[in-house]
>>> print(open('coords10.cif').read())   # mmCIF, C-alpha atoms and all ligand atoms
data_run
loop_
_atom_site.label_atom_id
_atom_site.label_comp_id
_atom_site.auth_asym_id
_atom_site.auth_seq_id
_atom_site.Cartn_x
_atom_site.Cartn_y
_atom_site.Cartn_z
CA MET A 1 57.61 76.37 50.92
CA THR A 2 56.67 79.33 53.02
CA GLY A 3 56.68 80.20 56.67
CA THR A 4 59.16 79.47 59.39
CA ILE A 5 60.45 76.40 61.18
CA LEU A 6 61.65 75.85 64.71
CA ALA A 7 65.34 75.04 65.13
CA MET A 8 67.85 74.91 67.97
CA LEU A 9 70.68 77.12 66.87
CA LEU A 10 74.38 77.21 67.74
CA GLU A 11 75.40 80.83 67.40
CA GLU A 12 78.78 80.62 69.10
CA PRO A 13 80.77 77.57 70.32
CA GLY A 14 80.74 77.31 74.09
CA GLN A 15 77.25 78.83 74.31
CA PRO A 16 74.02 76.87 74.83
CA LEU A 17 71.82 76.33 71.77
CA LYS A 18 69.00 78.82 71.37
CA PRO A 19 65.53 78.21 69.98
CA ALA A 20 65.06 80.18 66.75
CA LEU A 21 62.64 80.50 63.87
CA LEU A 22 64.30 79.97 60.49
CA SER A 23 62.80 80.23 57.03
CA HIS A 24 61.45 76.97 55.66
CA PRO A 25 64.07 75.07 53.61
CA GLU A 26 63.51 75.21 49.85
CA PRO A 27 63.80 72.13 47.62
CA LEU A 28 66.94 73.15 45.74
CA LYS A 29 68.27 71.18 42.78
CA GLY A 30 69.26 67.67 43.85
CA GLU A 31 67.94 68.11 47.36
CA ALA A 32 65.12 66.65 49.40
CA VAL A 33 63.27 68.65 52.04
CA LEU A 34 62.33 66.54 55.03
CA ARG A 35 60.02 66.90 57.92
CA VAL A 36 62.21 65.74 60.82
CA HIS A 37 60.65 63.05 63.03
CA ALA A 38 63.71 62.29 65.12
CA CYS A 39 67.33 63.40 65.38
CA GLY A 40 69.90 61.66 67.54
CA ILE A 41 72.44 63.53 69.63
CA CYS A 42 75.95 62.32 68.84
CA ARG A 43 79.10 62.95 70.84
CA THR A 44 80.41 64.83 67.81
CA ASP A 45 77.69 67.44 68.43
CA LEU A 46 79.31 68.07 71.82
CA HIS A 47 82.74 68.44 70.21
CA ILE A 48 81.27 70.99 67.77
CA SER A 49 79.30 72.95 70.34
CA ASP A 50 82.30 72.99 72.71
CA GLY A 51 84.59 74.28 69.93
CA GLU A 52 86.86 71.21 69.86
CA LEU A 53 86.01 70.82 66.19
CA THR A 54 86.85 74.16 64.66
CA ASN A 55 85.30 76.32 61.95
CA PRO A 56 81.70 75.10 61.93
CA LYS A 57 79.20 76.98 59.80
CA LEU A 58 77.71 79.64 62.09
CA PRO A 59 74.99 80.02 63.05
CA LEU A 60 74.52 76.26 62.80
CA VAL A 61 71.76 73.70 63.23
CA LEU A 62 73.50 70.64 64.71
CA GLY A 63 72.40 67.05 64.22
CA HIS A 64 73.44 64.31 61.81
CA GLU A 65 71.31 61.36 62.85
CA ILE A 66 68.16 62.49 61.09
CA VAL A 67 65.04 60.48 60.34
CA GLY A 68 62.39 62.30 58.36
CA THR A 69 59.73 62.11 55.70
CA VAL A 70 60.29 63.70 52.31
CA VAL A 71 57.88 66.61 51.84
CA ALA A 72 59.37 68.05 48.64
CA VAL A 73 62.16 67.29 46.19
CA GLY A 74 64.18 69.57 43.96
CA VAL A 75 64.87 69.20 40.25
CA GLY A 76 66.76 66.04 39.37
CA VAL A 77 65.83 63.97 42.42
CA GLU A 78 64.58 60.57 41.35
CA ARG A 79 65.68 58.36 44.22
CA PHE A 80 62.99 59.59 46.58
CA SER A 81 59.55 61.08 46.40
CA GLU A 82 57.10 62.72 48.76
CA GLY A 83 56.17 60.54 51.72
CA ASP A 84 59.34 58.39 51.72
CA ARG A 85 61.02 57.88 55.09
CA VAL A 86 64.74 58.58 54.73
CA GLY A 87 67.82 59.03 56.91
CA VAL A 88 70.43 61.76 56.69
CA PRO A 89 73.93 60.91 57.95
CA TRP A 90 77.07 62.90 58.79
CA LEU A 91 78.49 62.74 55.24
CA GLY A 92 76.43 65.40 53.49
CA TRP A 93 78.34 66.09 50.29
CA THR A 94 81.57 65.06 48.55
CA CYS A 95 83.33 66.51 45.51
CA GLY A 96 83.48 63.28 43.51
CA THR A 97 86.72 64.32 41.83
CA CYS A 98 89.52 64.35 44.44
CA HIS A 99 91.99 61.50 44.90
CA TYR A 100 89.93 59.97 47.72
CA CYS A 101 86.58 60.21 45.96
CA GLN A 102 88.11 58.60 42.88
CA THR A 103 89.49 55.67 44.87
CA GLY A 104 86.37 54.61 46.77
CA ARG A 105 87.23 56.55 49.93
CA GLU A 106 84.76 59.39 49.86
CA ASN A 107 84.85 59.39 53.67
CA LEU A 108 88.26 61.09 53.31
CA CYS A 109 87.18 63.59 50.59
CA ASP A 110 89.32 66.74 50.76
CA HIS A 111 86.26 68.92 50.23
CA ALA A 112 83.58 66.94 52.09
CA ARG A 113 80.75 68.79 53.79
CA PHE A 114 79.23 67.33 56.90
CA THR A 115 75.66 67.48 58.13
CA GLY A 116 75.24 69.51 61.29
CA TYR A 117 78.76 70.96 60.90
CA ASN A 118 79.26 72.57 57.47
CA LEU A 119 75.58 72.14 56.56
CA ASN A 120 72.51 72.68 58.69
CA GLY A 121 71.37 69.46 60.37
CA GLY A 122 68.40 67.96 62.13
CA TYR A 123 67.90 69.81 65.42
CA ALA A 124 64.90 71.36 63.67
CA GLY A 125 61.35 70.71 62.54
CA TYR A 126 62.44 70.53 58.89
CA THR A 127 65.73 70.19 57.07
CA SER A 128 67.05 69.67 53.56
CA ALA A 129 69.75 67.35 52.30
CA ASP A 130 71.48 66.28 49.09
CA ALA A 131 69.35 63.30 48.09
CA ARG A 132 72.38 61.33 46.87
CA PHE A 133 73.65 61.10 50.45
CA CYS A 134 70.37 60.10 52.10
CA PHE A 135 69.55 56.49 52.88
CA PRO A 136 66.31 54.56 52.48
CA LEU A 137 65.60 53.08 55.92
CA PRO A 138 64.69 49.55 56.98
CA GLY A 139 61.25 48.66 58.28
CA GLY A 140 60.70 47.14 61.70
CA TYR A 141 62.10 50.17 63.56
CA ASP A 142 60.27 53.27 64.71
CA ASP A 143 61.69 56.71 63.91
CA VAL A 144 63.40 57.37 67.24
CA ARG A 145 65.12 53.98 67.15
CA LEU A 146 66.38 54.48 63.62
CA ALA A 147 68.03 57.82 64.40
CA PRO A 148 71.05 56.45 66.33
CA LEU A 149 71.76 54.03 63.50
CA LEU A 150 72.61 56.99 61.23
CA CYS A 151 75.90 57.71 63.01
CA ALA A 152 76.45 55.57 66.11
CA GLY A 153 75.41 52.49 64.13
CA LEU A 154 77.20 53.42 60.94
CA ILE A 155 80.51 54.50 62.48
CA GLY A 156 80.32 51.48 64.76
CA TYR A 157 79.88 49.28 61.71
CA ARG A 158 82.83 50.86 59.88
CA SER A 159 84.96 50.44 63.03
CA LEU A 160 84.00 46.79 63.29
CA ARG A 161 85.09 46.23 59.69
CA ALA A 162 88.38 48.04 60.46
CA VAL A 163 89.14 45.79 63.42
CA GLY A 164 89.18 42.76 61.12
CA GLU A 165 88.34 39.21 62.10
CA ALA A 166 88.94 39.73 65.85
CA GLU A 167 86.98 37.03 67.64
CA ARG A 168 87.50 38.45 71.13
CA LEU A 169 86.57 42.08 70.70
CA GLY A 170 87.05 44.83 73.29
CA LEU A 171 84.74 47.88 73.25
CA TYR A 172 85.97 50.87 75.25
CA GLY A 173 83.12 53.23 76.12
CA PHE A 174 79.73 51.55 76.12
CA GLY A 175 77.45 54.26 74.74
CA ALA A 176 75.28 54.63 71.66
CA ALA A 177 77.76 53.12 69.19
CA ALA A 178 79.02 50.26 71.35
CA HIS A 179 75.54 49.08 72.32
CA LEU A 180 74.77 48.60 68.62
CA VAL A 181 78.17 47.21 67.60
CA ALA A 182 78.02 44.66 70.42
CA GLN A 183 74.89 43.18 68.85
CA VAL A 184 76.37 43.09 65.34
CA ALA A 185 79.55 41.51 66.72
CA ARG A 186 77.55 38.84 68.53
CA PHE A 187 75.54 38.17 65.39
CA GLU A 188 78.86 37.56 63.64
CA GLY A 189 79.86 35.06 66.32
CA ARG A 190 82.36 37.26 68.18
CA GLN A 191 82.80 37.58 71.93
CA VAL A 192 82.38 41.10 73.28
CA PHE A 193 84.36 42.46 76.24
CA ALA A 194 82.88 45.79 77.37
CA PHE A 195 84.86 48.48 79.19
CA THR A 196 83.01 51.33 80.89
CA ARG A 197 84.08 54.13 83.19
CA ASP A 198 85.42 52.56 86.38
CA GLY A 199 82.62 51.93 88.83
CA ASP A 200 79.82 52.29 86.23
CA HIS A 201 78.07 49.09 87.30
CA GLU A 202 74.87 50.09 85.54
CA GLY A 203 76.73 50.47 82.24
CA GLN A 204 78.40 47.11 82.79
CA ALA A 205 75.06 45.42 83.50
CA PHE A 206 73.67 47.01 80.32
CA ALA A 207 76.59 45.58 78.32
CA ARG A 208 76.02 42.09 79.73
CA GLU A 209 72.33 42.39 78.93
CA LEU A 210 73.30 43.02 75.30
CA GLY A 211 75.43 39.91 75.21
CA ALA A 212 78.90 40.96 76.40
CA VAL A 213 80.69 37.92 77.84
CA TRP A 214 82.56 40.22 80.23
CA ALA A 215 82.15 43.80 81.39
CA GLY A 216 84.36 45.86 83.67
CA GLY A 217 86.06 49.19 84.25
CA SER A 218 88.45 50.48 81.60
CA THR A 219 91.47 50.23 83.92
CA GLU A 220 90.83 46.53 84.50
CA PRO A 221 92.66 44.07 82.26
CA PRO A 222 90.36 41.73 80.34
CA PRO A 223 90.20 38.14 81.65
CA GLU A 224 91.94 36.96 78.49
CA PRO A 225 93.91 38.75 75.76
CA LEU A 226 91.75 40.42 73.09
CA ASP A 227 92.13 39.98 69.34
CA GLY A 228 91.11 43.57 68.68
CA ALA A 229 89.50 46.59 70.28
CA ILE A 230 87.49 49.66 69.35
CA ILE A 231 87.77 52.84 71.41
CA PHE A 232 84.58 54.92 71.36
CA ALA A 233 85.34 57.07 74.42
CA PRO A 234 87.19 60.32 73.58
CA ALA A 235 89.92 59.59 76.14
CA GLY A 236 93.48 59.34 74.79
CA GLN A 237 94.74 57.41 77.81
CA LEU A 238 92.65 54.45 76.58
CA VAL A 239 95.00 53.99 73.60
CA PRO A 240 97.91 52.47 75.58
CA THR A 241 95.35 50.66 77.77
CA ALA A 242 93.75 49.01 74.74
CA LEU A 243 97.12 48.20 73.13
CA ARG A 244 98.11 46.39 76.33
CA ALA A 245 94.86 44.39 76.26
CA VAL A 246 95.32 43.25 72.66
CA ARG A 247 97.49 40.33 71.71
CA LYS A 248 100.09 40.19 68.91
CA GLY A 249 98.69 41.02 65.48
CA GLY A 250 95.61 42.71 66.95
CA THR A 251 94.14 46.02 65.82
CA VAL A 252 93.03 48.94 67.99
CA VAL A 253 90.59 51.27 66.25
CA CYS A 254 89.92 54.82 67.46
CA ALA A 255 86.36 55.56 66.35
CA GLY A 256 85.83 59.11 67.62
CA ILE A 257 86.37 62.33 65.70
CA HIS A 258 88.12 63.92 68.67
CA MET A 259 90.27 62.50 71.46
CA SER A 260 92.21 64.01 74.33
CA PRO A 261 96.02 63.74 73.87
CA ILE A 262 97.42 60.22 73.82
CA PRO A 263 100.10 59.72 76.49
CA ALA A 264 103.52 58.42 75.43
CA PHE A 265 103.78 54.66 75.60
CA PRO A 266 106.57 52.09 75.26
CA TYR A 267 107.09 50.70 71.76
CA GLN A 268 106.82 47.23 73.24
CA ILE A 269 103.00 47.46 73.44
CA LEU A 270 102.77 48.24 69.71
CA TRP A 271 105.46 45.74 68.73
CA GLY A 272 104.30 42.32 67.58
CA GLU A 273 102.44 43.75 64.58
CA ARG A 274 99.73 45.36 66.61
CA VAL A 275 97.96 48.00 64.52
CA LEU A 276 96.68 51.34 65.77
CA ARG A 277 94.33 53.21 63.44
CA SER A 278 91.43 55.62 63.32
CA VAL A 279 88.14 55.45 61.47
CA ALA A 280 86.92 58.67 59.88
CA ASN A 281 83.39 59.45 58.71
CA LEU A 282 81.52 57.01 56.49
CA THR A 283 81.01 56.11 52.87
CA ARG A 284 77.62 55.59 51.27
CA ARG A 285 78.65 51.99 50.79
CA ASP A 286 79.04 51.58 54.57
CA GLY A 287 75.48 52.82 54.91
CA GLU A 288 74.07 50.42 52.33
CA GLU A 289 75.84 47.48 53.97
CA PHE A 290 74.91 48.48 57.48
CA PHE A 291 71.21 49.06 56.78
CA ARG A 292 71.06 45.73 54.96
CA LEU A 293 72.45 44.16 58.13
CA ALA A 294 70.02 46.14 60.32
CA ARG A 295 67.15 44.69 58.27
CA GLN A 296 68.48 41.21 58.90
CA VAL A 297 69.46 41.48 62.57
CA GLN A 298 66.70 43.75 63.98
CA LEU A 299 68.90 45.52 66.51
CA ARG A 300 67.68 46.46 69.94
CA VAL A 301 68.13 50.24 70.06
CA ASP A 302 67.91 51.76 73.54
CA VAL A 303 66.90 55.40 73.40
CA GLU A 304 65.74 58.15 75.68
CA THR A 305 63.75 60.83 73.91
CA LEU A 306 63.56 64.54 74.61
CA PRO A 307 61.59 67.33 72.97
CA LEU A 308 63.68 69.30 70.45
CA THR A 309 63.66 72.35 72.69
CA ASP A 310 65.47 70.32 75.38
CA ALA A 311 68.51 69.81 73.13
CA ASN A 312 70.80 71.45 75.71
CA VAL A 313 69.56 69.02 78.37
CA GLY A 314 70.36 66.12 76.06
CA LEU A 315 73.86 67.43 75.33
CA GLU A 316 74.56 67.81 79.06
CA ARG A 317 73.24 64.32 79.83
CA LEU A 318 75.57 62.91 77.20
CA ARG A 319 78.51 64.89 78.54
CA ALA A 320 77.83 63.63 82.07
CA GLY A 321 77.67 60.01 80.92
CA LEU A 322 74.05 59.66 82.06
CA VAL A 323 72.63 58.31 78.81
CA LYS A 324 71.94 54.60 78.54
CA GLY A 325 72.12 53.85 74.82
CA ALA A 326 71.32 56.96 72.79
CA VAL A 327 69.46 60.22 73.27
CA VAL A 328 67.11 61.37 70.52
CA LEU A 329 65.34 64.70 69.95
CA VAL A 330 61.75 64.81 68.74
CA PRO A 331 60.42 68.03 67.17
CA PRO A 332 57.03 69.32 68.32
CA GLY A 333 53.90 68.31 66.53
CA ASP A 334 55.03 64.76 65.98
CA PRO A 335 52.95 61.94 67.42
ZN ZN B 1 78.01 61.29 64.93
ZN ZN B 2 86.40 64.39 47.07
#
>>> encode(input="coords10.cif", output="structure tokens")
Amino acid sequence: MTGTILAMLLEEPGQPLKPALLSHPEPLKGEAVLRVHACGICRTDLHISDGELTNPKLPLVLGHEIVGTVVAVGVGVERFSEGDRVGVPWLGWTCGTCHYCQTGRENLCDHARFTGYNLNGGYAGYTSADARFCFPLPGGYDDVRLAPLLCAGLIGYRSLRAVGEAERLGLYGFGAAAHLVAQVARFEGRQVFAFTRDGDHEGQAFARELGAVWAGGSTEPPPEPLDGAIIFAPAGQLVPTALRAVRKGGTVVCAGIHMSPIPAFPYQILWGERVLRSVANLTRRDGEEFFRLARQVQLRVDVETLPLTDANVGLERLRAGLVKGAVVLVPPGDP
């Protein structure tokens, strides 16, 4: 591999990404080199570029919702070969030996490395990844629609499993993850109650379109008590709000990697065996299960696409809450 590739580079948190030419990734042992066709922008990318998640690799190529074609593989890679379409998720590497790795919870690995955080990601024309952590992707979806499944879909899926059997399910924050989870939840026979920013009637209409039985502002109480809720918005004040909306025995899952401080709340709203928990990262097993489901369900994935060089525009649109569904970057030279 020779020559250079275009990437959008984070040099310093708090600064906009800058276009840069990097040397072409080499197919190191165990790795696959991919030509990137699409890379989703996740809210986590905002938390990294804003410095809310500390100690990223610098300079850094963000992006952990990568869809690409394998152009070269390193020694020892047998899972994939040239021409395969694969996805690269947030979990980029685990140690395999720590307590968590040994007990089926590699998402909590003490030494995990994450794509687009500790490892260069997909805001680039090419990238490389440890082949053991890449996923084969289902047919029936084009590249830009597969990208949001790699994190929004996967974390949404893990959150849905964490919320348990909840038949009446609240989703707080109706963005990339919720618009996918709502469809999986419906497929499983659940009723979805969608909470958006107050006054976001467009977001509420979008939620109803995707099958929510009710949609309203996050300060509104649901029309009936919920059995469980998932909070996707990074707003700590939603924790007591969601606990109040959930009936006895219900679970509230915080799905984001970062949240503003949670205000104090009376014990009474947790009492009655309500459960409050977070969901962190993903396991490869989550990915296998979720992509099997995505083959079966054929999700509607709403995306807006931007050229790679407009990554800063995409980040700002996400920050401002202007994105309906997900925003996906497309490197130049791709049809
Ligand atoms: Zn993400
Ligand atoms: Zn480990």
>>> residues_near_ligand(input="coords10.cif", ligand="ligand ZN 2 (chain B)", cutoff="12 Å", atoms="only C-alpha atoms and all ligand atoms", output="list in words")
Leu91, Gly92, Trp93, Thr94, Cys95, Gly96, Thr97, Cys98, His99, Tyr100, Cys101, Gln102, Thr103, Gly104, Arg105, Glu106, Asn107, Leu108, Cys109, Asp110, His111, Ala112, Arg113 and Thr283 of chain A
>>> residues_around(input="coords10.cif", residues="Arg277 in chain A", least_positions_apart="6", cutoff="8 Å", atoms="only C-alpha atoms", output="PDB file with C-alpha atoms, in the coordinates of the input")
ATOM      1  CA  THR A 251      94.140  46.020  65.820  1.00  0.00           C
ATOM      2  CA  VAL A 252      93.030  48.940  67.990  1.00  0.00           C
ATOM      3  CA  VAL A 253      90.590  51.270  66.250  1.00  0.00           C
ATOM      4  CA  CYS A 254      89.920  54.820  67.460  1.00  0.00           C
TER       5      CYS A 254
END
>>> closest_residue(input="coords10.cif", among="A:Thr115, A:Asn55, A:Ser23, A:Thr309", to="ligand ZN 1 (chain B)", atoms="only C-alpha atoms and all ligand atoms")
A:Thr115
>>> closest_atom_pairs(input="coords10.cif", of="chain A", to="ligand ZN 1 (chain B)", cutoff="10 Å", atoms="all atoms listed in the file", output="JSON lines")
{"residue": "A:Gly40", "atom": "CA", "partner": "B:ZN1", "partner_atom": "ZN", "distance": 8.5}
{"residue": "A:Ile41", "atom": "CA", "partner": "B:ZN1", "partner_atom": "ZN", "distance": 7.6}
{"residue": "A:Cys42", "atom": "CA", "partner": "B:ZN1", "partner_atom": "ZN", "distance": 4.5}
{"residue": "A:Arg43", "atom": "CA", "partner": "B:ZN1", "partner_atom": "ZN", "distance": 6.2}
{"residue": "A:Thr44", "atom": "CA", "partner": "B:ZN1", "partner_atom": "ZN", "distance": 5.2}
{"residue": "A:Asp45", "atom": "CA", "partner": "B:ZN1", "partner_atom": "ZN", "distance": 7.1}
{"residue": "A:Leu46", "atom": "CA", "partner": "B:ZN1", "partner_atom": "ZN", "distance": 9.8}
{"residue": "A:Gly63", "atom": "CA", "partner": "B:ZN1", "partner_atom": "ZN", "distance": 8.1}
{"residue": "A:His64", "atom": "CA", "partner": "B:ZN1", "partner_atom": "ZN", "distance": 6.3}
{"residue": "A:Glu65", "atom": "CA", "partner": "B:ZN1", "partner_atom": "ZN", "distance": 7.0}
{"residue": "A:Pro89", "atom": "CA", "partner": "B:ZN1", "partner_atom": "ZN", "distance": 8.1}
{"residue": "A:Trp90", "atom": "CA", "partner": "B:ZN1", "partner_atom": "ZN", "distance": 6.4}
{"residue": "A:Leu91", "atom": "CA", "partner": "B:ZN1", "partner_atom": "ZN", "distance": 9.8}
{"residue": "A:Thr115", "atom": "CA", "partner": "B:ZN1", "partner_atom": "ZN", "distance": 9.5}
{"residue": "A:Gly116", "atom": "CA", "partner": "B:ZN1", "partner_atom": "ZN", "distance": 9.4}
{"residue": "A:Pro148", "atom": "CA", "partner": "B:ZN1", "partner_atom": "ZN", "distance": 8.6}
{"residue": "A:Leu149", "atom": "CA", "partner": "B:ZN1", "partner_atom": "ZN", "distance": 9.7}
{"residue": "A:Leu150", "atom": "CA", "partner": "B:ZN1", "partner_atom": "ZN", "distance": 7.8}
{"residue": "A:Cys151", "atom": "CA", "partner": "B:ZN1", "partner_atom": "ZN", "distance": 4.6}
{"residue": "A:Ala152", "atom": "CA", "partner": "B:ZN1", "partner_atom": "ZN", "distance": 6.0}
{"residue": "A:Gly153", "atom": "CA", "partner": "B:ZN1", "partner_atom": "ZN", "distance": 9.2}
{"residue": "A:Leu154", "atom": "CA", "partner": "B:ZN1", "partner_atom": "ZN", "distance": 8.9}
{"residue": "A:Ile155", "atom": "CA", "partner": "B:ZN1", "partner_atom": "ZN", "distance": 7.6}
{"residue": "A:Ala176", "atom": "CA", "partner": "B:ZN1", "partner_atom": "ZN", "distance": 9.9}
{"residue": "A:Ala177", "atom": "CA", "partner": "B:ZN1", "partner_atom": "ZN", "distance": 9.2}
{"residue": "A:Gly256", "atom": "CA", "partner": "B:ZN1", "partner_atom": "ZN", "distance": 8.6}
{"residue": "A:Ile257", "atom": "CA", "partner": "B:ZN1", "partner_atom": "ZN", "distance": 8.5}
{"residue": "A:Asn281", "atom": "CA", "partner": "B:ZN1", "partner_atom": "ZN", "distance": 8.4}
>>> write_last_selection(input="coords10.cif", atoms="C-alpha atoms", output="PDB file, keeping the file's coordinate frame")
ATOM      1  CA  GLY A  40      69.900  61.660  67.540  1.00  0.00           C
ATOM      2  CA  ILE A  41      72.440  63.530  69.630  1.00  0.00           C
ATOM      3  CA  CYS A  42      75.950  62.320  68.840  1.00  0.00           C
ATOM      4  CA  ARG A  43      79.100  62.950  70.840  1.00  0.00           C
ATOM      5  CA  THR A  44      80.410  64.830  67.810  1.00  0.00           C
ATOM      6  CA  ASP A  45      77.690  67.440  68.430  1.00  0.00           C
ATOM      7  CA  LEU A  46      79.310  68.070  71.820  1.00  0.00           C
ATOM      8  CA  GLY A  63      72.400  67.050  64.220  1.00  0.00           C
ATOM      9  CA  HIS A  64      73.440  64.310  61.810  1.00  0.00           C
ATOM     10  CA  GLU A  65      71.310  61.360  62.850  1.00  0.00           C
ATOM     11  CA  PRO A  89      73.930  60.910  57.950  1.00  0.00           C
ATOM     12  CA  TRP A  90      77.070  62.900  58.790  1.00  0.00           C
ATOM     13  CA  LEU A  91      78.490  62.740  55.240  1.00  0.00           C
ATOM     14  CA  THR A 115      75.660  67.480  58.130  1.00  0.00           C
ATOM     15  CA  GLY A 116      75.240  69.510  61.290  1.00  0.00           C
ATOM     16  CA  PRO A 148      71.050  56.450  66.330  1.00  0.00           C
ATOM     17  CA  LEU A 149      71.760  54.030  63.500  1.00  0.00           C
ATOM     18  CA  LEU A 150      72.610  56.990  61.230  1.00  0.00           C
ATOM     19  CA  CYS A 151      75.900  57.710  63.010  1.00  0.00           C
ATOM     20  CA  ALA A 152      76.450  55.570  66.110  1.00  0.00           C
ATOM     21  CA  GLY A 153      75.410  52.490  64.130  1.00  0.00           C
ATOM     22  CA  LEU A 154      77.200  53.420  60.940  1.00  0.00           C
ATOM     23  CA  ILE A 155      80.510  54.500  62.480  1.00  0.00           C
ATOM     24  CA  ALA A 176      75.280  54.630  71.660  1.00  0.00           C
ATOM     25  CA  ALA A 177      77.760  53.120  69.190  1.00  0.00           C
ATOM     26  CA  GLY A 256      85.830  59.110  67.620  1.00  0.00           C
ATOM     27  CA  ILE A 257      86.370  62.330  65.700  1.00  0.00           C
ATOM     28  CA  ASN A 281      83.390  59.450  58.710  1.00  0.00           C
TER      29      ASN A 281
END
>>> atom_distance(input="coords10.cif", atom1="CA of Phe206 in chain A", atom2="CA of Leu137 in chain A")
26.4 Å
>>> residues_around(input="coords10.cif", residues="Phe265 in chain A", least_positions_apart="6", cutoff="12 Å", atoms="all atoms listed in the file", output="ChimeraX atom specification")
/A:236-244,271
>>> closest_residue(input="coords10.cif", among="A:Glu202, A:Asp143, A:Glu220, A:Glu52", to="Thr69 in chain A", atoms="only C-alpha atoms")
A:Asp143
>>> closest_residue(input="coords10.cif", among="A:Pro332, A:Arg186, A:Phe133, A:Ala72", to="Ile5 in chain A", atoms="all atoms listed in the file")
A:Pro332
>>> residues_around(input="coords10.cif", residues="Ser218 in chain A", least_positions_apart="3", cutoff="7 Å", atoms="all atoms listed in the file", output="MDAnalysis selection string")
chainID A and resid 172 195:198
>>> write_last_selection(input="coords10.cif", atoms="C-alpha atoms", output="mmCIF file, keeping the file's coordinate frame")
data_model
loop_
_atom_site.group_PDB
_atom_site.id
_atom_site.type_symbol
_atom_site.label_atom_id
_atom_site.label_comp_id
_atom_site.auth_asym_id
_atom_site.auth_seq_id
_atom_site.Cartn_x
_atom_site.Cartn_y
_atom_site.Cartn_z
ATOM 1 C CA TYR A 172 85.970 50.870 75.250
ATOM 2 C CA PHE A 195 84.860 48.480 79.190
ATOM 3 C CA THR A 196 83.010 51.330 80.890
ATOM 4 C CA ARG A 197 84.080 54.130 83.190
ATOM 5 C CA ASP A 198 85.420 52.560 86.380
#
>>> closest_residue(input="coords10.cif", among="A:Ile262, A:Leu10, A:Val213, A:Val303", to="Gly51 in chain A", atoms="only C-alpha atoms")
A:Leu10
>>> closest_residue(input="coords10.cif", among="A:Asp50, A:Asp310, A:Glu167, A:Glu273", to="Leu226 in chain A", atoms="only C-alpha atoms")
A:Glu167
>>> residues_around(input="coords10.cif", residues="Asp302 in chain A", least_positions_apart="4", cutoff="10 Å", atoms="all atoms listed in the file", output="number ranges by chain")
A: 144-145, 148, 175-176, 179-180, 323-327
>>> atom_distance(input="coords10.cif", atom1="CA of Ala147 in chain A", atom2="CA of Glu304 in chain A")
11.5 Å
>>> axis_aligned_box(input="coords10.cif", around="range 47-59 of chain A", padding_each_side="4 Å", output="AutoDock Vina command-line options")
--center_x 80.9 --center_y 74.2 --center_z 66.3 --size_x 19.9 --size_y 19.6 --size_z 20.9
>>> closest_residue(input="coords10.cif", among="A:Leu58, A:Ala162, A:Ala207, A:Val71", to="Leu119 in chain A", atoms="only C-alpha atoms")
A:Leu58
